[in-house]
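Novice: Please see the structure below; I have some questions.
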Amino acid sequence: MKGYAGKYLKVNLSTGVVGQEPLQEGMAIHYLGGLGFGARTLVDMVSRGTEPFSPENVLAWWPGPVAGTILPTSSKFGVFALSPLTGIFGFGICSGGFANELKSAGWDGIVMTGRSSKPAYLFVDDGNAELKDATKYWGKTTWETEDLIKEDLGDSAIRVAAMGPASERLVRFGNITTDKNRQVGRSGMGAVMGSKNVKAVAVRGTGDVEVANLDELTKFAAEINERCQGPKTEKYRVYGTPANILVHNRIGCLPTRNFQSGTFEGAEEVSGERMSRTHVKKILACTNCPVACDHVNEVKDGPYAGTVASVDYESLGQLGPLCGVSDLNAITKAVALCDELGVDTISAGVVVAWAMECFEKGLLTKDDTDGLDLRFGNGDAMVEAVRKLSLKEGKLGGLLSEGVKRASQVVGRGSDKFAIHCKGMEWAAYSMRSLQTSTLGFCTSIRGADYLRSGSYQVDVAGKVDRLKLDSSRGKIVYEGENQYAVIDSLIICKFTRGVYTSFDEIAEAYTLITGIEMTGQQLVEAGERIYNAAKCFNVRFGASRKDDYPPPRAFEEPMPDDVVKGARIVREEYDAALDSYYEGRGWNKEGVPTKQKLIELGLTKEAEELGA
Amino acid sequence: MALSQQKTRRIIVCDTDKCNGCQVCEFMCSIAKEKTTNQKKSRIRAMRIEPFFNIAIACRKCEKPVCERACPRDAIRVLPDGSIQIEKDKCNGCGWCIESCEFGALRLSFDGGVAFTCDFCSDFGEPQCVKYCPKKALKYITLEEAAKESVRDVLLNVIDKGGK
């Protein structure tokens, strides 16, 4: 079994004992790596009733079998835990050199349990791993921590993944940062580190990553590399994901002012095209990526002059149009704050936009906002709100750091109606009412409102379906997408290359060249289905049911005001039919619980017994 | 001598505007030269200086190679094309050559304790890092050609801006 290192680290933070476990071949074949291993770990190790911030929660780091090899965009890893934001399956997937380094050090992953009695970080030095004192790094930003640990260990090539001051304070959507610009985002994996007193993981790997067929894999990689310079990835290369701003604005699905509308009068000013001209200073690539989508901004003038941050569509959308802000300097500053202090840009944008709507409706006053004039469009106030929530500073910071669901429960008075989330996860920058297949996918996602679990927005944006309504044909689109994405997230490769592969058979070919394990595209997708069901079982264990698979009231009750999609809203009966078709196609019951029969069919017999319907 | 050797020798030149830090050069180097995937065994080194500067550097074929003079065991020979050859039997891994090289173009192997450096893939006909650089940031050219390309880039930039 090549590709895999064959063993992983087990770290008991409470006792300080670091040990290792062999990776079983059956685990590799049935769960692939990444998301699959994460699902398996959480289902096996986190029992019903566990509190996310308790020592009983697990924090698992899993690259996939392709990490460390020449396969393009393969240096990726996922971090998995019961989420403190959503209370269900939590994880974030991240690029950068970390995954490659960990594989070079000879490890398939790291599973952490318990809680350290004092600030610590894990140093993996090839075959050796030890917990080291991190007291001096406590309070440092993610960027400072990365630099300081490299300096103290005396090796600038060491890779560091660190959480920031936000996660030390248990902000529920705390991120982990590596290589400065790369984040383990969404669902608060950094905050789980914070609860465990783990500041960072540092890795040095000097070993070979062996693959089954190096010559053929190298040819294969060269071909993919070549295709990555072609039309399928052009958008990412030229303007990066911010190219979406104008595309989405044109068809009325650019979330604006807390999802009140889908077009933004300032779209031109925050477009990828504009940003490229005025702010982008350099385009960067992640380790082993031939695409290079990372557009790094520099603020040249004004109060935020000198700020540097890599700004993608989601960050731009949620800290920009969603807050009514069209000032790229302020947006870049807010993204930099999120990255340095360690919070998720999407969640930060959504919770600030919600607070702005509360402020304009009089539900929050200047007394609640620590004096901030939190109107839509006030870029400086947005930046300050982001800083406050990242540090839990003042009344406002404390409120917003809990995420939009909890914050709206505190404020009450109907503010939950426009708290835009699903399962407590803040909604990404895709309109709910004018991209309705997308909305179904956001709501069935195992991680809560999530564009990255099925990519179902694509059929909407491409006009392959009527995006302003739903019907029973949509379930299949969503679950097929979910199964495929589960494979991509388990191997793990970058979704931006999904279009350059001709089929899953081709991806299976790469898997076989790397591992030596025979695999077909069909088998991969079956593994994807197994993985998705395992993760769903975890959510069922934590009480998830049909009622959690709905968008917020705004999606049903308020018609879109924009000319291009005027009147669009989700019709409840249509949504129900689409959701039914999803459950039915998945082999789940009407409550969204996988049936025993389906789980047994997928080899999830233990789960069938405990959780199956 | 009409042209100095320096002008006629081809080296690996990196366009720092195009280089984005993907490190594919390092991967391809280790595969070509060591038949494995291990960036730490690469002859070319990709480096990022935060936040905006990226470069990949290999042996520069110096006119008067300091590494050769630094080696206390005469393990380093300079070949006619300017590239450096390290005799493994003589090298004891003291690292003086590495210290002496201003470009960090030599490395010490982890297992054998022997220095190694770029041989410009003499066995492949062309440097594999150059062949596989996704953005064509790497070129195997003479410094004279590199200078001409720089001038051309300046002019193209001017034309792009409409002569302004």
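Here's how to read the names in the structure tokens: chain A, B, ... by the order shown, residue numbers from 1 in each chain, ligand numbers from 1 in the order shown.
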Write out as a ChimeraX atom specification each polymer residue whose atoms come within 12 Å of A:Phe91, counting only C-alpha atoms; drop sequence neighbours fewer than 2 positions from it.
Specialist: /A:34-39,41-42,58-62,77-89,93-94,173-176,183-192,425,446-448,450,452-453,489,535
Novice: Using DSSP on the backbone, list every residue of stretch 24-125 of chain B that comes out as helix (DSSP H, G or I), and give them as a list in words.
Specialist: Val24, Cys25, Glu26, Phe27, Met28, Cys29, Ser30, Ile31, Ala32, Lys33, Glu34, Gln39, Lys40, Lys41, Val66, Cys67, Glu68, Arg69, Ala70, Trp96, Cys97, Ile98, Glu99 and Ser100 of chain B
Novice: Take the selection from the previous step and output its residues with C-alpha atoms, as a tab-separated table (two decimals), in the first residue's frame.
Specialist:
chain	number	residue	atom	x	y	z
B	24	VAL	CA	6.63	22.12	-8.79
B	25	CYS	CA	10.30	22.59	-9.80
B	26	GLU	CA	11.40	21.00	-6.53
B	27	PHE	CA	9.08	18.04	-6.96
B	28	MET	CA	10.16	17.44	-10.55
B	29	CYS	CA	13.82	17.73	-9.63
B	30	SER	CA	13.62	15.08	-6.94
B	31	ILE	CA	11.76	12.76	-9.29
B	32	ALA	CA	14.27	13.27	-12.10
B	33	LYS	CA	17.41	13.02	-10.03
B	34	GLU	CA	16.44	10.83	-7.09
B	39	GLN	CA	11.40	18.38	-2.01
B	40	LYS	CA	14.32	18.21	0.39
B	41	LYS	CA	16.29	16.35	-2.27
B	66	VAL	CA	33.75	29.77	-4.64
B	67	CYS	CA	32.57	26.28	-3.76
B	68	GLU	CA	35.46	24.75	-5.66
B	69	ARG	CA	37.97	26.84	-3.77
B	70	ALA	CA	36.22	26.30	-0.44
B	96	TRP	CA	32.12	24.35	3.47
B	97	CYS	CA	30.93	24.50	-0.12
B	98	ILE	CA	27.39	25.10	1.12
B	99	GLU	CA	28.50	27.91	3.36
B	100	SER	CA	30.55	29.47	0.60
Novice: Identify all chain B residues at most 7 Å from chain A by counting only C-alpha atoms; ligands do not count. Present them as a ChimeraX atom specification.
Specialist: /B:20-24,27,36-38,40,52,134
Novice: Please write the residues from the selection above to a file, keeping N, CA and C atoms, as a compact mmCIF listing (two decimals), in the first residue's frame.
Specialist:
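again14.txt, written as the output of this step:
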# COMPACT_ATOMS: atom_id res chain seq x y z
N ASN B 20 5.37 31.82 -8.69
CA ASN B 20 4.34 32.03 -7.68
C ASN B 20 4.51 31.13 -6.47
N GLY B 21 5.65 30.46 -6.41
CA GLY B 21 5.92 29.66 -5.22
C GLY B 21 5.26 28.29 -5.20
N CYS B 22 4.91 27.74 -6.36
CA CYS B 22 4.20 26.44 -6.38
C CYS B 22 5.13 25.28 -6.05
N GLN B 23 6.41 25.47 -6.22
CA GLN B 23 7.41 24.44 -5.88
C GLN B 23 7.37 23.20 -6.76
N VAL B 24 6.66 23.27 -7.89
CA VAL B 24 6.63 22.12 -8.79
C VAL B 24 8.05 21.79 -9.26
N PHE B 27 9.62 19.40 -6.81
CA PHE B 27 9.08 18.04 -6.96
C PHE B 27 9.69 17.35 -8.18
N THR B 36 12.31 9.77 -6.66
CA THR B 36 11.36 9.75 -5.57
C THR B 36 10.75 11.15 -5.43
N THR B 37 9.71 11.27 -4.60
CA THR B 37 9.14 12.59 -4.38
C THR B 37 9.60 13.09 -3.03
N ASN B 38 10.45 14.08 -3.05
CA ASN B 38 10.99 14.63 -1.81
C ASN B 38 11.62 15.98 -2.10
N LYS B 40 13.05 17.95 -0.31
CA LYS B 40 14.32 18.21 0.39
C LYS B 40 15.51 17.65 -0.40
N PHE B 52 5.43 39.15 -1.09
CA PHE B 52 5.22 39.23 -2.55
C PHE B 52 6.32 38.64 -3.42
N PRO B 134 5.02 25.24 -14.39
CA PRO B 134 3.67 25.48 -14.91
C PRO B 134 3.51 26.86 -15.54
Novice: Write out as JSON lines the residues of stretch 232-278 of chain A that have any atom within 9 Å of an atom of stretch 493-497 of chain A, one row each with the nearest atom pair and its distance in Å to one decimal, counting only C-alpha atoms, sorted by chain and then rising number.
Specialist:
{"residue": "A:Lys232", "atom": "CA", "partner": "A:Thr497", "partner_atom": "CA", "distance": 7.8}
{"residue": "A:Thr233", "atom": "CA", "partner": "A:Phe496", "partner_atom": "CA", "distance": 6.8}
{"residue": "A:Tyr236", "atom": "CA", "partner": "A:Phe496", "partner_atom": "CA", "distance": 7.6}
Novice: For the selection just defined, write its residues with N, CA and C atoms to a file, as a short mmCIF file (atom, residue, chain, number, x, y, z; two decimals), in the first residue's frame.
Specialist:
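The new file part09.cif reads:
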data_model
loop_
_atom_site.label_atom_id
_atom_site.label_comp_id
_atom_site.auth_asym_id
_atom_site.auth_seq_id
_atom_site.Cartn_x
_atom_site.Cartn_y
_atom_site.Cartn_z
N LYS A 232 -10.42 25.41 -18.52
CA LYS A 232 -11.18 24.96 -17.35
C LYS A 232 -10.80 25.69 -16.06
N THR A 233 -9.60 26.23 -16.03
CA THR A 233 -9.18 26.91 -14.80
C THR A 233 -8.86 28.38 -15.05
N TYR A 236 -9.92 31.03 -12.48
CA TYR A 236 -9.15 31.06 -11.24
C TYR A 236 -7.80 31.73 -11.44
#
Novice: For A:Leu374, please output as a PyMOL selection string all residues within 9 Å (counting only C-alpha atoms; exclusion window: fewer than 4 positions along the same chain).
Specialist: chain A and resi 352+355-357+359-360+365-366+369+378+381-382+385
Novice: Could you save those same residues with N, CA and C atoms as a PDB file, in the first residue's frame?
Specialist:
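Generated file (again_38.pdb):
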ATOM      1  N   VAL A 352     -21.691  40.125  10.977  1.00  0.00           N
ATOM      2  CA  VAL A 352     -21.643  41.591  10.983  1.00  0.00           C
ATOM      3  C   VAL A 352     -22.806  42.160  10.156  1.00  0.00           C
ATOM      4  N   ALA A 355     -25.814  42.039  12.193  1.00  0.00           N
ATOM      5  CA  ALA A 355     -25.794  43.114  13.204  1.00  0.00           C
ATOM      6  C   ALA A 355     -26.142  44.456  12.571  1.00  0.00           C
ATOM      7  N   MET A 356     -25.709  44.669  11.336  1.00  0.00           N
ATOM      8  CA  MET A 356     -26.024  45.913  10.636  1.00  0.00           C
ATOM      9  C   MET A 356     -27.535  46.031  10.409  1.00  0.00           C
ATOM     10  N   GLU A 357     -28.142  44.921  10.000  1.00  0.00           N
ATOM     11  CA  GLU A 357     -29.585  44.958   9.794  1.00  0.00           C
ATOM     12  C   GLU A 357     -30.303  45.213  11.123  1.00  0.00           C
ATOM     13  N   PHE A 359     -29.121  46.869  13.590  1.00  0.00           N
ATOM     14  CA  PHE A 359     -28.860  48.270  13.934  1.00  0.00           C
ATOM     15  C   PHE A 359     -29.813  49.194  13.170  1.00  0.00           C
ATOM     16  N   GLU A 360     -29.963  48.906  11.879  1.00  0.00           N
ATOM     17  CA  GLU A 360     -30.846  49.754  11.063  1.00  0.00           C
ATOM     18  C   GLU A 360     -32.308  49.595  11.472  1.00  0.00           C
ATOM     19  N   THR A 365     -28.640  49.132  19.401  1.00  0.00           N
ATOM     20  CA  THR A 365     -28.384  50.580  19.441  1.00  0.00           C
ATOM     21  C   THR A 365     -26.892  50.812  19.620  1.00  0.00           C
ATOM     22  N   LYS A 366     -26.510  52.082  19.616  1.00  0.00           N
ATOM     23  CA  LYS A 366     -25.089  52.397  19.813  1.00  0.00           C
ATOM     24  C   LYS A 366     -24.583  51.894  21.155  1.00  0.00           C
ATOM     25  N   THR A 369     -23.517  48.451  20.377  1.00  0.00           N
ATOM     26  CA  THR A 369     -22.411  48.308  19.406  1.00  0.00           C
ATOM     27  C   THR A 369     -21.139  48.993  19.898  1.00  0.00           C
ATOM     28  N   ASN A 378     -20.968  51.137   5.924  1.00  0.00           N
ATOM     29  CA  ASN A 378     -19.915  51.778   6.710  1.00  0.00           C
ATOM     30  C   ASN A 378     -18.726  50.824   6.851  1.00  0.00           C
ATOM     31  N   ALA A 381     -16.727  50.828  10.160  1.00  0.00           N
ATOM     32  CA  ALA A 381     -17.449  50.165  11.250  1.00  0.00           C
ATOM     33  C   ALA A 381     -17.380  48.650  11.075  1.00  0.00           C
ATOM     34  N   MET A 382     -17.462  48.201   9.823  1.00  0.00           N
ATOM     35  CA  MET A 382     -17.368  46.763   9.546  1.00  0.00           C
ATOM     36  C   MET A 382     -16.011  46.229  10.012  1.00  0.00           C
ATOM     37  N   ALA A 385     -15.899  46.122  13.749  1.00  0.00           N
ATOM     38  CA  ALA A 385     -16.733  45.022  14.270  1.00  0.00           C
ATOM     39  C   ALA A 385     -16.009  43.686  14.127  1.00  0.00           C
TER      40      ALA A 385
END
Novice: Just the strand (DSSP E or B) stuff from stretch 113-222 of chain A, please, per backbone DSSP, written as an NGL selection string.
Specialist: :A and (113 or 120-125 or 128-133 or 159-163 or 174 or 176-178 or 182-184 or 198-204 or 209)
Novice: Quick one: residues within 9 Å of A:Thr145, only C-alpha atoms counted, chain neighbours fewer than 4 positions away excluded, as number ranges by chain?
Specialist: A: 137-138, 140-141, 149-150, 160-164, 199-200
Novice: Find the spatial neighbours of B:Gln5, counting only C-alpha atoms, within a cut-off of 12 Å - ignore same-chain residues fewer than 2 positions away - and output them as a list in words.
Specialist: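 Residues meeting the cut-off are Met1, Ala2, Leu3, Lys7, Thr8, Arg9, Arg10, Ile11, Lys61, Cys62, Glu63, Lys64, Pro80, Asp81, Gly82, Ser83, Thr142, Leu143 and Glu144 of chain B.
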Novice: Choose the residue, out of A:Gly266, A:Gly377, A:Gly398, A:Gly252, that has the smallest atom-to-atom separation from A:Asp563; count only C-alpha atoms.
Specialist: A:Gly252
Novice: Using atom CA of A:Val46 and atom CA of A:Arg541 as the two end points, give the distance in Å to one decimal.
Specialist: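 Atom CA of A:Arg541 lies 9.7 Å from atom CA of A:Val46.
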Novice: From the set B:Cys121, B:Pro65, B:Cys133, B:Asn157, which residue has the shortest atom-to-atom contact distance to B:Ala46, counting only C-alpha atoms?
Specialist: B:Cys133
Novice: For A:Leu435, which residue out of A:Ser415, A:Asn589, A:Ser456, A:Ser347 is the nearest one, using only C-alpha atoms?
Specialist: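 Of the candidates, the smallest distance to A:Leu435 is held by A:Ser456.
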Novice: Please identify all polymer residues within 9 Å of A:Gly585, counting only C-alpha atoms, omitting same-chain residues fewer than 6 positions from it, and present them as a list in words.
Specialist: Gly475, Lys476 and Tyr479 of chain A
